[in-house]
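Coordinates as given in protein_2.pdb (PDB, C-alpha atoms):
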ATOM      1  CA  MET A   1       3.776  16.356  -3.878  1.00  0.00           C
ATOM      2  CA  LEU A   2       3.776  12.685  -4.869  1.00  0.00           C
ATOM      3  CA  ARG A   3       0.954  10.811  -3.112  1.00  0.00           C
ATOM      4  CA  ILE A   4       1.857   7.198  -2.363  1.00  0.00           C
ATOM      5  CA  GLY A   5      -0.218   4.166  -1.433  1.00  0.00           C
ATOM      6  CA  HIS A   6       0.857   0.796  -0.114  1.00  0.00           C
ATOM      7  CA  VAL A   7      -0.866  -2.495  -0.811  1.00  0.00           C
ATOM      8  CA  ASP A   8      -0.656  -5.354   1.702  1.00  0.00           C
ATOM      9  CA  LEU A   9       1.286  -5.198   4.918  1.00  0.00           C
ATOM     10  CA  GLY A  10       2.596  -8.768   5.187  1.00  0.00           C
ATOM     11  CA  THR A  11       6.269  -7.829   4.942  1.00  0.00           C
ATOM     12  CA  THR A  12       8.627  -5.624   6.924  1.00  0.00           C
ATOM     13  CA  HIS A  13       8.892  -3.209   3.996  1.00  0.00           C
ATOM     14  CA  PRO A  14       5.835  -0.920   4.336  1.00  0.00           C
ATOM     15  CA  PRO A  15       6.919   0.867   7.528  1.00  0.00           C
ATOM     16  CA  LYS A  16      10.447   1.362   6.215  1.00  0.00           C
ATOM     17  CA  PHE A  17       9.177   2.613   2.851  1.00  0.00           C
ATOM     18  CA  ILE A  18       6.825   5.080   4.570  1.00  0.00           C
ATOM     19  CA  GLU A  19       9.640   6.357   6.754  1.00  0.00           C
ATOM     20  CA  ALA A  20      11.920   6.834   3.728  1.00  0.00           C
ATOM     21  CA  GLU A  21       9.166   8.478   1.663  1.00  0.00           C
ATOM     22  CA  ARG A  22       8.516  11.061   4.335  1.00  0.00           C
ATOM     23  CA  ALA A  23      12.251  11.722   4.719  1.00  0.00           C
ATOM     24  CA  LEU A  24      12.387  12.413   0.971  1.00  0.00           C
ATOM     25  CA  GLY A  25       9.425  14.796   1.145  1.00  0.00           C
ATOM     26  CA  TYR A  26       6.784  12.494  -0.361  1.00  0.00           C
ATOM     27  CA  ASP A  27       3.288  11.930   1.012  1.00  0.00           C
ATOM     28  CA  PRO A  28       2.369   8.352   1.914  1.00  0.00           C
ATOM     29  CA  ILE A  29      -1.376   8.720   2.340  1.00  0.00           C
ATOM     30  CA  GLY A  30      -2.826   5.259   2.690  1.00  0.00           C
ATOM     31  CA  VAL A  31      -2.679   1.508   2.744  1.00  0.00           C
ATOM     32  CA  PHE A  32      -4.894  -1.322   1.612  1.00  0.00           C
ATOM     33  CA  ASP A  33      -4.541  -4.738   3.211  1.00  0.00           C
ATOM     34  CA  ASP A  34      -6.365  -7.935   2.319  1.00  0.00           C
ATOM     35  CA  PHE A  35      -5.846  -9.347   5.851  1.00  0.00           C
ATOM     36  CA  ARG A  36      -4.249 -12.565   4.542  1.00  0.00           C
ATOM     37  CA  ILE A  37      -1.228 -12.153   6.807  1.00  0.00           C
ATOM     38  CA  TYR A  38      -2.435  -9.817   9.554  1.00  0.00           C
ATOM     39  CA  GLU A  39      -5.826  -9.469  11.140  1.00  0.00           C
ATOM     40  CA  GLU A  40      -7.756  -6.277  10.481  1.00  0.00           C
ATOM     41  CA  ALA A  41      -6.966  -4.930  13.960  1.00  0.00           C
ATOM     42  CA  LYS A  42      -3.237  -5.092  13.273  1.00  0.00           C
ATOM     43  CA  SER A  43      -3.697  -3.323   9.937  1.00  0.00           C
ATOM     44  CA  ARG A  44      -5.755  -0.613  11.628  1.00  0.00           C
ATOM     45  CA  ALA A  45      -3.023  -0.185  14.249  1.00  0.00           C
ATOM     46  CA  PHE A  46      -0.395   0.030  11.489  1.00  0.00           C
ATOM     47  CA  ALA A  47      -2.358   2.772   9.737  1.00  0.00           C
ATOM     48  CA  ALA A  48      -2.787   4.723  12.966  1.00  0.00           C
ATOM     49  CA  GLU A  49       0.888   4.379  13.944  1.00  0.00           C
ATOM     50  CA  ASN A  50       2.015   5.531  10.508  1.00  0.00           C
ATOM     51  CA  LYS A  51      -0.594   8.298  10.220  1.00  0.00           C
ATOM     52  CA  VAL A  52      -2.102   6.966   6.985  1.00  0.00           C
ATOM     53  CA  LYS A  53      -5.630   5.985   6.029  1.00  0.00           C
ATOM     54  CA  LEU A  54      -6.604   2.305   5.870  1.00  0.00           C
ATOM     55  CA  TYR A  55      -8.562   1.937   2.635  1.00  0.00           C
ATOM     56  CA  SER A  56     -11.269  -0.682   2.239  1.00  0.00           C
ATOM     57  CA  SER A  57     -10.796  -1.051  -1.531  1.00  0.00           C
ATOM     58  CA  LEU A  58      -8.006  -0.907  -4.060  1.00  0.00           C
ATOM     59  CA  ASP A  59     -10.150   1.278  -6.325  1.00  0.00           C
ATOM     60  CA  ALA A  60     -10.534   3.928  -3.634  1.00  0.00           C
ATOM     61  CA  LEU A  61      -6.797   3.920  -2.937  1.00  0.00           C
ATOM     62  CA  ALA A  62      -6.081   4.139  -6.672  1.00  0.00           C
ATOM     63  CA  ASP A  63      -8.312   7.217  -6.897  1.00  0.00           C
ATOM     64  CA  ASP A  64      -6.268   9.037  -4.253  1.00  0.00           C
ATOM     65  CA  VAL A  65      -2.641   8.218  -5.118  1.00  0.00           C
ATOM     66  CA  ASP A  66      -0.132   8.878  -7.881  1.00  0.00           C
ATOM     67  CA  VAL A  67       1.803   5.644  -7.338  1.00  0.00           C
ATOM     68  CA  ALA A  68       1.353   2.416  -5.382  1.00  0.00           C
ATOM     69  CA  PHE A  69       3.805  -0.027  -3.895  1.00  0.00           C
ATOM     70  CA  ILE A  70       2.595  -3.637  -3.931  1.00  0.00           C
ATOM     71  CA  HIS A  71       4.039  -5.618  -1.017  1.00  0.00           C
ATOM     72  CA  SER A  72       1.972  -8.809  -1.374  1.00  0.00           C
ATOM     73  CA  VAL A  73       3.893 -11.947  -0.509  1.00  0.00           C
ATOM     74  CA  ASN A  74       1.692 -14.030  -2.815  1.00  0.00           C
ATOM     75  CA  TRP A  75       2.993 -13.364  -6.316  1.00  0.00           C
ATOM     76  CA  ASP A  76      -0.067 -15.001  -7.855  1.00  0.00           C
ATOM     77  CA  LEU A  77      -2.125 -12.029  -6.620  1.00  0.00           C
ATOM     78  CA  HIS A  78       0.079  -9.250  -7.996  1.00  0.00           C
ATOM     79  CA  LEU A  79      -1.713  -8.826 -11.325  1.00  0.00           C
ATOM     80  CA  GLY A  80      -5.082  -8.386  -9.626  1.00  0.00           C
ATOM     81  CA  LYS A  81      -3.600  -5.952  -7.115  1.00  0.00           C
ATOM     82  CA  ILE A  82      -2.023  -3.691  -9.748  1.00  0.00           C
ATOM     83  CA  MET A  83      -4.946  -3.493 -12.175  1.00  0.00           C
ATOM     84  CA  PRO A  84      -6.980  -0.771 -10.379  1.00  0.00           C
ATOM     85  CA  PHE A  85      -3.888   1.456 -10.521  1.00  0.00           C
ATOM     86  CA  VAL A  86      -2.956   0.608 -14.103  1.00  0.00           C
ATOM     87  CA  LYS A  87      -6.511   1.233 -15.311  1.00  0.00           C
ATOM     88  CA  LYS A  88      -6.341   4.718 -13.782  1.00  0.00           C
ATOM     89  CA  GLY A  89      -2.919   5.478 -15.243  1.00  0.00           C
ATOM     90  CA  LYS A  90      -1.125   5.344 -11.894  1.00  0.00           C
ATOM     91  CA  GLY A  91       2.435   4.184 -11.362  1.00  0.00           C
ATOM     92  CA  VAL A  92       2.998   0.813  -9.724  1.00  0.00           C
ATOM     93  CA  TYR A  93       6.058  -0.748  -8.113  1.00  0.00           C
ATOM     94  CA  ILE A  94       5.929  -4.444  -7.246  1.00  0.00           C
ATOM     95  CA  ASP A  95       8.146  -5.021  -4.229  1.00  0.00           C
TER      96      ASP A  95
END
Re-express the file's structure as structure tokens.
Amino acid sequence: MLRIGHVDLGTTHPPKFIEAERALGYDPIGVFDDFRIYEEAKSRAFAAENKVKLYSSLDALADDVDVAFIHSVNWDLHLGKIMPFVKKGKGVYID
């Protein structure tokens, strides 16, 4: 089963993606958030509501997934956010 991670929660997309992934039989397992948009408490609540783990580092998330969706609203940060996944040969989709 494809294990999926999500990076940054500052858009409306992560909950909809997770819902669609589960409907398609995939396994969204975790999220990483840099807390630029939401406070940590909101990110923790998101993880709990969506039954995924809140990761404290991109490297740890990259270790556990096959592909990551990058939802960052700051395009200048995208390259840094994808590199842990690319270095480990994981798929990346920049939303």
Quiz item: Applied to this file, what does the PyMOL selection byres ((chain A and resi 85-95) around 7) return in terms of residues, put as a PyMOL selection string?
Solution: chain A and resi 62+66-71+82-84
Quick one: which residues end up in the PyMOL selection byres ((chain A and resi 27-36) around 8) for this structure, as a VMD selection string?
chain A and resid 1 to 10 18 21 to 22 25 to 26 37 to 40 43 47 51 to 58 61 65
note - atom CA of A:Asp63 and atom CA of A:Leu24 are separated by 22.7 Å
Put the listed atoms of stretch 74-88 of chain A in a box along x, y and z with 3 Å added on every side and give me the centre and edge lengths in Å to one decimal, as lines of an AutoDock Vina configuration file.
center_x = -2.0
center_y = -5.1
center_z = -9.1
size_x = 16.0
size_y = 25.7
size_z = 18.5
Which residue, A:Pro15, A:Leu79, A:Asn74, A:Ala20, has the smallest gap to A:Asn50 when you use all atoms listed in the file?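 When distances to A:Asn50 are compared using all atoms listed in the file, the smallest one comes from A:Pro15.
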